[in-house]
>>> print(open('coords.csv').read())   # CSV, C-alpha atoms
chain,number,residue,atom,x,y,z
D,30,MET,CA,-34.9,-14.6,0.8
D,31,GLU,CA,-31.5,-15.0,-0.9
D,32,THR,CA,-29.3,-12.3,-2.3
D,33,ARG,CA,-26.2,-13.0,-4.4
D,34,ALA,CA,-23.4,-10.7,-5.6
D,35,ARG,CA,-20.2,-11.4,-7.3
D,36,ALA,CA,-17.2,-9.1,-8.1
D,37,PRO,CA,-14.1,-9.8,-10.2
D,38,GLY,CA,-10.4,-9.6,-9.4
D,39,LYS,CA,-8.0,-7.5,-11.2
D,40,ILE,CA,-4.6,-7.3,-12.8
D,41,ILE,CA,-2.2,-4.5,-13.5
D,42,LEU,CA,-1.3,-4.6,-17.2
D,43,SER,CA,1.2,-1.8,-17.0
D,44,GLY,CA,2.5,0.8,-14.6
D,45,GLU,CA,2.9,-0.8,-11.2
D,46,HIS,CA,5.3,1.0,-8.8
D,47,ALA,CA,5.8,3.8,-11.4
D,48,VAL,CA,2.3,5.0,-10.8
D,49,VAL,CA,3.3,6.0,-7.3
D,50,HIS,CA,5.8,8.4,-8.9
D,51,GLY,CA,3.3,10.0,-11.3
D,52,ALA,CA,3.3,7.6,-14.2
D,53,THR,CA,0.2,6.2,-15.9
D,54,ALA,CA,-1.0,2.7,-15.0
D,55,VAL,CA,-3.5,0.4,-16.8
D,56,ALA,CA,-5.6,-2.1,-14.8
D,57,ALA,CA,-8.2,-4.6,-16.0
D,58,SER,CA,-10.8,-6.9,-14.5
D,59,ILE,CA,-10.4,-10.7,-14.9
D,60,ASP,CA,-13.1,-13.3,-15.1
D,61,LEU,CA,-12.2,-14.8,-11.8
D,62,TYR,CA,-14.8,-13.8,-9.2
D,63,THR,CA,-15.6,-13.8,-5.5
D,64,ASP,CA,-19.2,-14.8,-4.9
D,65,VAL,CA,-21.3,-13.8,-1.9
D,66,LEU,CA,-24.6,-15.5,-1.0
D,67,ILE,CA,-26.8,-14.1,1.9
D,68,ARG,CA,-29.6,-16.3,3.1
D,69,SER,CA,-32.3,-15.3,5.6
D,70,SER,CA,-32.2,-17.0,9.0
D,71,THR,CA,-34.8,-19.5,9.8
D,72,SER,CA,-34.9,-18.3,13.5
D,73,SER,CA,-38.2,-17.4,14.9
D,74,GLY,CA,-36.8,-14.2,16.4
D,75,THR,CA,-33.8,-12.0,16.1
D,76,ASP,CA,-32.2,-12.3,19.5
D,77,ASP,CA,-32.0,-16.1,19.3
D,78,GLY,CA,-30.5,-16.2,15.8
D,79,LEU,CA,-26.9,-16.4,14.5
D,80,VAL,CA,-24.8,-14.5,12.1
D,81,GLU,CA,-22.9,-17.2,10.3
D,82,LEU,CA,-20.0,-16.8,7.9
D,83,GLN,CA,-19.1,-19.8,5.7
D,84,LEU,CA,-15.8,-19.8,3.8
D,85,LYS,CA,-16.6,-22.7,1.4
D,86,ASP,CA,-13.2,-22.9,-0.3
D,87,MET,CA,-11.4,-23.3,3.0
D,88,GLY,CA,-14.0,-25.4,4.8
D,89,LEU,CA,-14.3,-22.9,7.6
D,90,VAL,CA,-17.4,-21.7,9.4
D,91,PHE,CA,-17.6,-18.8,11.9
D,92,SER,CA,-20.7,-17.9,13.8
D,93,TRP,CA,-21.8,-15.4,16.4
D,94,PRO,CA,-25.1,-15.3,18.4
D,95,VAL,CA,-26.9,-12.1,17.7
D,96,GLN,CA,-27.3,-11.5,21.4
D,97,ARG,CA,-23.5,-11.7,21.8
D,98,ILE,CA,-23.0,-9.1,19.0
D,99,LYS,CA,-25.5,-6.8,20.7
D,100,GLU,CA,-23.6,-7.1,24.0
D,101,THR,CA,-20.2,-6.4,22.3
D,102,LEU,CA,-21.4,-3.6,20.0
D,103,PRO,CA,-23.8,-1.5,22.0
D,104,GLU,CA,-22.7,1.6,20.1
D,105,LEU,CA,-24.6,0.5,17.0
D,106,GLY,CA,-27.6,2.7,16.4
D,107,THR,CA,-26.3,5.4,18.8
D,108,ALA,CA,-25.6,9.0,18.0
D,109,LEU,CA,-21.8,8.8,18.3
D,110,SER,CA,-19.3,10.6,16.2
D,111,PRO,CA,-18.1,8.6,13.2
D,112,SER,CA,-14.5,8.6,14.4
D,113,PHE,CA,-15.4,7.4,17.9
D,114,PHE,CA,-17.8,4.8,16.4
D,115,LEU,CA,-15.2,3.4,14.1
D,116,SER,CA,-12.5,3.2,16.8
D,117,GLU,CA,-14.7,1.6,19.4
D,118,SER,CA,-16.4,-0.8,16.9
D,119,MET,CA,-13.1,-2.1,15.5
D,120,LYS,CA,-11.9,-2.9,19.1
D,121,SER,CA,-15.2,-4.7,19.8
D,122,ILE,CA,-15.1,-6.5,16.5
D,123,ALA,CA,-11.5,-7.7,17.2
D,124,THR,CA,-12.8,-9.2,20.4
D,125,LEU,CA,-15.6,-11.1,18.5
D,126,VAL,CA,-13.1,-12.4,15.9
D,127,GLU,CA,-10.6,-13.5,18.6
D,128,GLU,CA,-13.3,-15.6,20.2
D,129,GLN,CA,-13.5,-17.7,17.0
D,130,ASN,CA,-10.0,-19.2,17.6
D,131,ILE,CA,-8.9,-18.9,14.0
D,132,PRO,CA,-6.3,-21.7,13.3
D,133,GLU,CA,-2.7,-20.5,13.4
D,134,ALA,CA,-2.2,-21.5,9.8
D,135,LYS,CA,-5.1,-19.3,8.8
D,136,ILE,CA,-4.4,-16.3,11.0
D,137,GLY,CA,-4.2,-14.2,7.8
D,138,LEU,CA,-8.0,-14.4,7.7
D,139,PHE,CA,-8.3,-12.2,10.8
D,140,GLY,CA,-8.5,-9.0,8.8
D,141,GLY,CA,-11.0,-10.5,6.3
D,142,VAL,CA,-13.3,-11.8,9.1
D,143,SER,CA,-13.0,-8.5,10.9
D,144,ALA,CA,-14.0,-6.7,7.6
D,145,PHE,CA,-17.0,-9.0,7.3
D,146,LEU,CA,-18.2,-8.3,10.8
D,147,PHE,CA,-17.7,-4.5,10.4
D,148,LEU,CA,-19.6,-4.4,7.1
D,149,TYR,CA,-22.3,-6.8,8.2
D,150,THR,CA,-23.1,-5.0,11.5
D,151,SER,CA,-22.8,-1.5,9.9
D,152,ILE,CA,-25.4,-2.4,7.2
D,153,GLN,CA,-27.5,-5.1,8.7
D,154,GLY,CA,-27.3,-4.3,12.4
D,155,PHE,CA,-28.4,-7.2,14.6
D,156,LYS,CA,-30.3,-9.3,12.0
D,157,PRO,CA,-29.5,-13.0,11.9
D,158,ALA,CA,-28.4,-14.5,8.5
D,159,THR,CA,-26.0,-16.9,6.8
D,160,VAL,CA,-23.4,-15.5,4.5
D,161,VAL,CA,-21.6,-17.9,2.2
D,162,ILE,CA,-18.3,-16.9,0.4
D,163,THR,CA,-16.7,-18.7,-2.5
D,164,SER,CA,-13.9,-17.4,-4.7
D,165,ASP,CA,-11.8,-18.2,-7.7
D,166,LEU,CA,-9.1,-15.8,-6.5
D,167,PRO,CA,-6.1,-16.9,-4.6
D,168,MET,CA,-5.6,-14.8,-1.4
D,169,GLY,CA,-2.7,-12.5,-1.1
D,170,SER,CA,-1.5,-13.0,-4.7
D,171,GLY,CA,-2.0,-9.4,-5.9
D,172,LEU,CA,-5.2,-10.2,-7.9
D,173,GLY,CA,-7.5,-8.0,-5.9
D,174,SER,CA,-9.1,-10.7,-3.8
D,175,SER,CA,-9.6,-8.3,-0.8
D,176,ALA,CA,-11.3,-5.7,-3.0
D,177,ALA,CA,-13.5,-8.3,-4.7
D,178,PHE,CA,-14.5,-9.6,-1.3
D,179,CYS,CA,-15.4,-6.2,0.1
D,180,VAL,CA,-17.2,-5.0,-3.1
D,181,ALA,CA,-19.3,-8.2,-3.4
D,182,LEU,CA,-20.1,-8.3,0.3
D,183,SER,CA,-21.1,-4.7,0.5
D,184,ALA,CA,-23.3,-4.9,-2.5
D,185,ALA,CA,-25.0,-8.1,-1.3
D,186,LEU,CA,-25.6,-6.6,2.1
D,187,LEU,CA,-27.1,-3.4,0.7
D,188,ALA,CA,-29.3,-5.3,-1.8
D,189,TYR,CA,-30.4,-7.7,0.9
D,190,SER,CA,-31.5,-4.8,3.1
D,191,GLY,CA,-33.3,-3.1,0.2
D,192,GLU,CA,-31.0,-0.1,0.2
D,193,LYS,CA,-30.3,1.6,-3.1
D,194,ILE,CA,-26.7,1.1,-4.2
D,195,ILE,CA,-25.2,4.4,-5.2
D,196,HIS,CA,-21.7,4.3,-6.6
D,197,GLY,CA,-19.7,7.5,-6.5
D,198,LYS,CA,-16.1,7.7,-7.5
D,199,PRO,CA,-14.1,4.9,-5.7
D,200,SER,CA,-10.6,6.1,-4.8
D,201,GLY,CA,-8.7,2.8,-5.3
D,202,ILE,CA,-7.8,0.9,-8.5
D,203,ASP,CA,-8.8,-2.5,-7.0
D,204,ASN,CA,-12.2,-1.3,-5.8
D,205,THR,CA,-13.0,0.6,-9.1
D,206,VAL,CA,-12.1,-2.3,-11.3
D,207,SER,CA,-14.0,-4.8,-9.1
D,208,THR,CA,-17.1,-2.6,-9.2
D,209,PHE,CA,-17.2,-1.5,-12.8
D,210,GLY,CA,-15.2,-4.2,-14.6
D,211,ASN,CA,-13.6,-3.4,-18.0
D,212,MET,CA,-10.3,-1.5,-17.8
D,213,ILE,CA,-9.1,1.7,-16.3
D,214,MET,CA,-6.2,4.1,-16.7
D,215,PHE,CA,-4.9,5.7,-13.5
D,216,ARG,CA,-2.6,8.7,-13.1
D,217,LEU,CA,-2.2,11.1,-10.2
D,218,GLY,CA,-5.5,10.1,-8.6
D,219,GLU,CA,-7.5,10.4,-11.8
D,220,LEU,CA,-9.3,7.2,-13.1
D,221,THR,CA,-10.4,6.9,-16.7
D,222,ARG,CA,-12.4,3.9,-17.8
D,223,ILE,CA,-11.4,2.4,-21.2
D,224,THR,CA,-12.9,-0.4,-23.3
D,225,SER,CA,-10.9,-3.0,-25.2
D,226,ASN,CA,-11.7,-3.5,-28.9
D,227,MET,CA,-9.8,-6.8,-29.1
D,228,PRO,CA,-10.2,-10.1,-27.3
D,229,LEU,CA,-7.5,-10.5,-24.6
D,230,ARG,CA,-6.7,-13.7,-22.8
D,231,MET,CA,-4.0,-14.1,-20.2
D,232,LEU,CA,-2.4,-17.0,-18.3
D,233,ILE,CA,-1.9,-15.9,-14.7
D,234,THR,CA,0.8,-17.8,-12.8
D,235,ASN,CA,0.6,-17.6,-9.1
D,236,THR,CA,4.2,-18.2,-7.8
D,237,LYS,CA,2.7,-18.7,-4.3
D,238,VAL,CA,5.6,-16.6,-3.0
D,239,GLY,CA,4.4,-14.1,-0.4
D,240,ARG,CA,5.6,-10.5,-0.7
D,241,ASN,CA,5.6,-7.4,1.4
D,242,THR,CA,4.0,-4.7,-0.7
D,243,LYS,CA,4.9,-1.9,1.6
D,244,ALA,CA,8.6,-2.9,1.7
D,245,LEU,CA,8.7,-3.2,-2.1
D,246,VAL,CA,7.2,0.2,-2.7
D,247,ALA,CA,9.6,1.7,-0.2
D,248,GLY,CA,12.5,0.0,-1.9
D,249,VAL,CA,11.6,1.6,-5.3
D,250,SER,CA,11.4,5.0,-3.6
D,251,GLU,CA,14.8,4.5,-2.0
D,252,ARG,CA,16.3,3.6,-5.3
D,253,ALA,CA,14.7,6.7,-6.9
D,254,SER,CA,16.2,8.9,-4.2
D,255,ARG,CA,19.7,7.4,-4.8
D,256,HIS,CA,19.4,7.7,-8.6
D,257,PRO,CA,16.9,10.4,-9.3
D,258,ASP,CA,17.7,11.1,-12.9
D,259,ALA,CA,18.0,7.4,-13.9
D,260,MET,CA,14.8,6.4,-12.1
D,261,ALA,CA,12.9,9.4,-13.5
D,262,ALA,CA,13.8,8.1,-17.0
D,263,VAL,CA,12.5,4.6,-15.9
D,264,PHE,CA,9.2,6.1,-14.7
D,265,SER,CA,8.8,8.1,-17.8
D,266,ALA,CA,9.3,5.1,-20.0
D,267,VAL,CA,6.7,3.2,-18.0
D,268,ASP,CA,4.3,6.1,-18.5
D,269,SER,CA,4.8,5.9,-22.3
D,270,ILE,CA,4.3,2.2,-22.3
D,271,SER,CA,1.0,2.5,-20.4
D,272,LYS,CA,-0.3,5.1,-22.7
D,273,GLU,CA,0.7,3.2,-25.8
D,274,LEU,CA,-0.8,-0.1,-24.4
D,275,SER,CA,-4.0,1.7,-23.7
D,276,SER,CA,-4.1,3.1,-27.3
D,277,ILE,CA,-3.5,-0.3,-28.8
D,278,ILE,CA,-6.2,-2.0,-26.7
D,279,GLN,CA,-8.7,0.6,-27.8
D,280,SER,CA,-7.8,0.7,-31.5
D,281,PRO,CA,-10.1,-1.2,-33.9
D,282,ALA,CA,-9.1,-4.8,-34.6
D,283,SER,CA,-11.7,-6.3,-36.9
D,284,ASP,CA,-9.8,-9.2,-38.4
D,285,GLU,CA,-7.2,-11.9,-37.4
D,286,LEU,CA,-4.4,-10.0,-39.1
D,287,SER,CA,-5.0,-6.7,-37.2
D,288,ILE,CA,-5.5,-8.6,-33.9
D,289,THR,CA,-2.2,-10.4,-34.4
D,290,GLU,CA,-0.4,-7.2,-35.1
D,291,ASN,CA,-1.8,-5.6,-32.0
D,292,GLU,CA,-0.9,-8.7,-29.9
D,293,GLU,CA,2.7,-8.5,-31.1
D,294,LYS,CA,2.9,-4.8,-30.1
D,295,LEU,CA,1.4,-5.7,-26.7
D,296,GLU,CA,4.0,-8.5,-26.2
D,297,GLU,CA,6.8,-6.1,-26.9
D,298,LEU,CA,5.4,-3.5,-24.4
D,299,MET,CA,5.0,-6.2,-21.8
D,300,GLU,CA,8.6,-7.3,-22.2
D,301,MET,CA,9.8,-3.7,-22.0
D,302,ASN,CA,7.7,-3.1,-18.9
D,303,GLN,CA,9.1,-6.2,-17.2
D,304,GLY,CA,12.6,-5.1,-18.0
D,305,LEU,CA,11.9,-1.7,-16.3
D,306,LEU,CA,10.3,-3.5,-13.3
D,307,GLN,CA,13.5,-5.5,-13.0
D,308,SER,CA,15.5,-2.3,-13.0
D,309,MET,CA,13.3,-1.1,-10.1
D,310,GLY,CA,14.4,-4.1,-8.1
D,311,VAL,CA,11.0,-5.7,-7.7
D,312,SER,CA,11.5,-9.0,-9.6
D,313,HIS,CA,12.1,-12.3,-7.9
D,314,SER,CA,13.7,-15.7,-8.7
D,315,SER,CA,10.2,-17.3,-8.9
D,316,ILE,CA,9.1,-14.6,-11.3
D,317,GLU,CA,12.3,-15.2,-13.4
D,318,ALA,CA,11.5,-18.9,-13.5
D,319,VAL,CA,8.1,-18.2,-15.0
D,320,LEU,CA,9.6,-15.8,-17.5
D,321,ARG,CA,12.2,-18.4,-18.7
D,322,THR,CA,9.5,-21.1,-19.0
D,323,THR,CA,7.1,-19.0,-21.1
D,324,LEU,CA,9.9,-17.6,-23.2
D,325,LYS,CA,10.7,-21.1,-24.4
D,326,TYR,CA,7.2,-21.1,-26.0
D,327,LYS,CA,7.8,-17.6,-27.4
D,328,LEU,CA,5.2,-16.0,-25.1
D,329,ALA,CA,5.6,-12.6,-23.4
D,330,SER,CA,5.2,-12.3,-19.7
D,331,LYS,CA,5.5,-9.7,-16.9
D,332,LEU,CA,4.9,-9.5,-13.2
D,333,THR,CA,1.7,-7.9,-12.1
D,334,GLY,CA,1.2,-6.0,-8.9
D,335,ALA,CA,3.9,-5.4,-6.3
D,336,GLY,CA,6.3,-8.1,-7.5
D,337,GLY,CA,8.7,-9.9,-5.2
D,338,GLY,CA,6.7,-13.0,-5.9
D,339,GLY,CA,3.0,-12.9,-6.4
D,340,CYS,CA,1.6,-13.4,-9.9
D,341,VAL,CA,2.9,-13.2,-13.5
D,342,LEU,CA,0.9,-12.4,-16.6
D,343,THR,CA,1.4,-14.2,-19.9
D,344,LEU,CA,-0.4,-13.0,-23.0
D,345,LEU,CA,-2.1,-15.8,-24.8
D,346,PRO,CA,-2.5,-14.8,-28.5
D,347,ALA,CA,-5.9,-15.5,-30.1
D,348,LEU,CA,-4.4,-18.0,-32.6
D,349,LEU,CA,-2.3,-19.9,-30.0
D,350,ALA,CA,-3.2,-23.6,-30.0
D,351,ASP,CA,-4.7,-25.0,-26.8
D,352,ALA,CA,-2.1,-27.8,-26.9
D,353,VAL,CA,0.6,-25.2,-26.4
D,354,VAL,CA,-1.2,-23.6,-23.6
D,355,ASP,CA,-1.6,-27.0,-21.9
D,356,LYS,CA,2.1,-27.7,-22.3
D,357,VAL,CA,3.0,-24.3,-20.7
D,358,ILE,CA,0.7,-24.9,-17.8
D,359,ALA,CA,1.9,-28.4,-17.2
D,360,GLU,CA,5.5,-27.2,-17.1
D,361,LEU,CA,4.7,-24.3,-14.7
D,362,GLU,CA,2.6,-26.5,-12.4
D,363,SER,CA,5.5,-29.0,-12.3
D,364,CYS,CA,7.5,-26.2,-10.6
D,365,GLY,CA,4.8,-25.9,-7.9
D,366,PHE,CA,3.1,-22.8,-9.4
D,367,GLN,CA,-0.7,-22.3,-9.8
D,368,CYS,CA,-2.0,-21.5,-13.3
D,369,LEU,CA,-5.2,-19.7,-14.1
D,370,VAL,CA,-6.4,-18.8,-17.6
D,371,THR,CA,-8.7,-15.8,-17.8
D,372,ALA,CA,-10.3,-13.3,-20.1
D,373,ILE,CA,-9.4,-9.6,-19.5
D,374,GLY,CA,-11.7,-6.6,-19.2
D,375,GLY,CA,-15.0,-8.4,-18.5
D,376,LYS,CA,-18.0,-7.6,-16.3
D,377,GLY,CA,-17.9,-5.9,-13.0
D,378,LEU,CA,-20.2,-6.3,-10.0
D,379,GLU,CA,-23.3,-8.3,-10.5
D,380,ILE,CA,-26.2,-8.7,-8.1
D,381,SER,CA,-29.3,-10.9,-8.0
D,382,SER,CA,-32.1,-11.6,-5.5
D,383,SER,CA,-34.8,-14.2,-5.1
D,384,CYS,CA,-37.8,-14.2,-2.8
D,385,ASN,CA,-41.5,-14.3,-2.7
D,386,SER,CA,-42.0,-10.7,-1.7
D,387,SER,CA,-43.1,-7.9,-4.1
D,388,THR,CA,-40.3,-5.8,-2.6
D,389,CYS,CA,-37.6,-7.9,-4.2
D,390,HIS,CA,-35.1,-6.2,-6.4
D,391,PRO,CA,-34.3,-7.4,-9.9
D,392,SER,CA,-31.0,-8.8,-10.9
D,393,GLY,CA,-28.5,-6.2,-12.2
D,394,GLU,CA,-25.1,-5.4,-13.3
D,395,ILE,CA,-23.2,-2.3,-12.5
>>> encode(input="coords.csv", output="structure tokens")
Amino acid sequence: METRARAPGKIILSGEHAVVHGATAVAASIDLYTDVLIRSSTSSGTDDGLVELQLKDMGLVFSWPVQRIKETLPELGTALSPSFFLSESMKSIATLVEEQNIPEAKIGLFGGVSAFLFLYTSIQGFKPATVVITSDLPMGSGLGSSAAFCVALSAALLAYSGEKIIHGKPSGIDNTVSTFGNMIMFRLGELTRITSNMPLRMLITNTKVGRNTKALVAGVSERASRHPDAMAAVFSAVDSISKELSSIIQSPASDELSITENEEKLEELMEMNQGLLQSMGVSHSSIEAVLRTTLKYKLASKLTGAGGGGCVLTLLPALLADAVVDKVIAELESCGFQCLVTAIGGKGLEISSSCNSSTCHPSGEI
């Protein structure tokens, strides 16, 4: 039996950082996905099988004998309290991951491999299988790669085990967008799904500059405490931009003229939002380099996510010639940046299964 699931990444169109201080944010899915394939083990029994994790894009394979997992996680299937189970399981899982001797250059994978083992053993128990992960999303770039990985993996594991997948109300922007796709507005813990009535295409430029999200968020809060009135005005302006952006995206645009008019409004809002993000102190020299390059081609750009590096969004108007896009990409890549062209507000989680059993579940989209 094989089960596949894929989940998209996300971008923040407007409202990053300000959302922490009560402003509205708008996020959207992108058509860059993380794919998970689960394949039944060919082992004759369960105890002699392996749980294997293949990270195709990195050329890495991790594997654990089922018997070793049983020895290390004896608390699985016992009537322990959830808090005790979680605490003890994570300690044991850390031991299993450490035994894999992850290369020093890839030590950032420790958390992801640990999440894999936790989800796998929590849902599948001690069943052997091979799990193959591929992804279009660059890691640690602010495009929701972690959420896409967890959403796709959880869905694939649940579908593989025959469990019914029930989605409540996810608490995080990344998980919600990765699960349901499309776009959402987020304010003070409330999530509202919205639908675009116009085609949207973005160039995402990954500066490849790492950033400390916690430190950047703390820096904005410190600036707000030093200049409460000024920063309150900044957050209020971002809130207005997010609401107007959402309204424009949802407004009817049935012909080229109305689409162009809406795109021009979105470009202005993106430029204003970027200016406000600069005033919060979360831009970076690499981000400014992208802005200068795209501005030469009269294209509007803004950082997305925490800032301090990470990714930059550039709106690609519907009538923009492909030759211009190619020139922009070539110039950005010559600076060492990574460029990805993507549609905005597409599908969310998708699941499919194939086997010879009558108990197989049909393909589906959330």
>>> closest_residue(input="coords.csv", among="D:Asp165, D:Glu317, D:Glu117, D:Asp86", to="Ile59 of chain D", atoms="all atoms listed in the file")
D:Asp165
>>> closest_residue(input="coords.csv", among="D:Ser175, D:Ser382, D:Thr205, D:Ser70", to="Gly137 of chain D", atoms="all atoms listed in the file")
D:Ser175
>>> closest_residue(input="coords.csv", among="D:Leu298, D:Ala57, D:Ala181, D:Ala359", to="Lys331 of chain D", atoms="all atoms listed in the file")
D:Leu298
>>> residues_around(input="coords.csv", residues="Ile288 of chain D", least_positions_apart="3", cutoff="10 Å", atoms="all atoms listed in the file", output="JSON list (two decimals) with C-alpha atoms, keeping the file's coordinate frame")
[["chain", "number", "residue", "atom", "x", "y", "z"],
["D", 226, "ASN", "CA", -11.70, -3.50, -28.90],
["D", 227, "MET", "CA", -9.80, -6.80, -29.10],
["D", 228, "PRO", "CA", -10.20, -10.10, -27.30],
["D", 229, "LEU", "CA", -7.50, -10.50, -24.60],
["D", 277, "ILE", "CA", -3.50, -0.30, -28.80],
["D", 278, "ILE", "CA", -6.20, -2.00, -26.70],
["D", 280, "SER", "CA", -7.80, 0.70, -31.50],
["D", 281, "PRO", "CA", -10.10, -1.20, -33.90],
["D", 282, "ALA", "CA", -9.10, -4.80, -34.60],
["D", 283, "SER", "CA", -11.70, -6.30, -36.90],
["D", 284, "ASP", "CA", -9.80, -9.20, -38.40],
["D", 285, "GLU", "CA", -7.20, -11.90, -37.40],
["D", 291, "ASN", "CA", -1.80, -5.60, -32.00],
["D", 292, "GLU", "CA", -0.90, -8.70, -29.90],
["D", 293, "GLU", "CA", 2.70, -8.50, -31.10],
["D", 294, "LYS", "CA", 2.90, -4.80, -30.10],
["D", 346, "PRO", "CA", -2.50, -14.80, -28.50],
["D", 347, "ALA", "CA", -5.90, -15.50, -30.10],
["D", 348, "LEU", "CA", -4.40, -18.00, -32.60]]
>>> residues_around(input="coords.csv", residues="Phe145 of chain D", least_positions_apart="5", cutoff="9 Å", atoms="only C-alpha atoms", output="PDB file with C-alpha atoms, keeping the file's coordinate frame")
ATOM      1  CA  LEU D  82     -20.000 -16.800   7.900  1.00  0.00           C
ATOM      2  CA  GLY D 140      -8.500  -9.000   8.800  1.00  0.00           C
ATOM      3  CA  THR D 150     -23.100  -5.000  11.500  1.00  0.00           C
ATOM      4  CA  PHE D 178     -14.500  -9.600  -1.300  1.00  0.00           C
ATOM      5  CA  CYS D 179     -15.400  -6.200   0.100  1.00  0.00           C
ATOM      6  CA  LEU D 182     -20.100  -8.300   0.300  1.00  0.00           C
TER       7      LEU D 182
END
>>> closest_residue(input="coords.csv", among="D:Glu379, D:Glu251, D:Glu45, D:Glu31", to="Ser312 of chain D", atoms="only C-alpha atoms")
D:Glu45
>>> closest_residue(input="coords.csv", among="D:Ala266, D:Ile213, D:Ile122, D:Ile233", to="Pro103 of chain D", atoms="all atoms listed in the file")
D:Ile122
>>> atom_distance(input="coords.csv", atom1="atom CA of Ala352 of chain D", atom2="atom CA of Asn235 of chain D")
20.7 Å
>>> build_atoms(input="coords.csv", residues="segment 171-176 of chain D", atoms="all heavy atoms", output="PDB file, keeping the file's coordinate frame")
ATOM      1  N   GLY D 171      -2.063 -10.621  -5.134  1.00  0.00           N
ATOM      2  CA  GLY D 171      -2.000  -9.400  -5.900  1.00  0.00           C
ATOM      3  C   GLY D 171      -3.081  -9.321  -7.000  1.00  0.00           C
ATOM      4  O   GLY D 171      -3.024  -8.462  -7.877  1.00  0.00           O
ATOM      5  N   LEU D 172      -4.104 -10.206  -6.922  1.00  0.00           N
ATOM      6  CA  LEU D 172      -5.200 -10.200  -7.900  1.00  0.00           C
ATOM      7  C   LEU D 172      -6.437  -9.524  -7.433  1.00  0.00           C
ATOM      8  O   LEU D 172      -7.501  -9.681  -8.016  1.00  0.00           O
ATOM      9  CB  LEU D 172      -5.493 -11.644  -8.365  1.00  0.00           C
ATOM     10  CG  LEU D 172      -4.355 -12.417  -9.031  1.00  0.00           C
ATOM     11  CD1 LEU D 172      -4.827 -13.817  -9.421  1.00  0.00           C
ATOM     12  CD2 LEU D 172      -3.825 -11.674 -10.257  1.00  0.00           C
ATOM     13  N   GLY D 173      -6.327  -8.748  -6.368  1.00  0.00           N
ATOM     14  CA  GLY D 173      -7.500  -8.000  -5.900  1.00  0.00           C
ATOM     15  C   GLY D 173      -8.506  -8.781  -5.147  1.00  0.00           C
ATOM     16  O   GLY D 173      -9.690  -8.420  -5.146  1.00  0.00           O
ATOM     17  N   SER D 174      -8.090  -9.861  -4.470  1.00  0.00           N
ATOM     18  CA  SER D 174      -9.100 -10.700  -3.800  1.00  0.00           C
ATOM     19  C   SER D 174      -9.744  -9.934  -2.626  1.00  0.00           C
ATOM     20  O   SER D 174     -10.939 -10.116  -2.381  1.00  0.00           O
ATOM     21  CB  SER D 174      -8.384 -11.965  -3.227  1.00  0.00           C
ATOM     22  OG  SER D 174      -7.331 -11.649  -2.331  1.00  0.00           O
ATOM     23  N   SER D 175      -9.006  -9.077  -1.931  1.00  0.00           N
ATOM     24  CA  SER D 175      -9.600  -8.300  -0.800  1.00  0.00           C
ATOM     25  C   SER D 175     -10.648  -7.345  -1.315  1.00  0.00           C
ATOM     26  O   SER D 175     -11.730  -7.223  -0.733  1.00  0.00           O
ATOM     27  CB  SER D 175      -8.489  -7.550  -0.067  1.00  0.00           C
ATOM     28  OG  SER D 175      -7.577  -8.431   0.527  1.00  0.00           O
ATOM     29  N   ALA D 176     -10.347  -6.641  -2.414  1.00  0.00           N
ATOM     30  CA  ALA D 176     -11.300  -5.700  -3.000  1.00  0.00           C
ATOM     31  C   ALA D 176     -12.544  -6.409  -3.488  1.00  0.00           C
ATOM     32  O   ALA D 176     -13.670  -5.960  -3.272  1.00  0.00           O
ATOM     33  CB  ALA D 176     -10.662  -4.880  -4.087  1.00  0.00           C
TER      34      ALA D 176
END
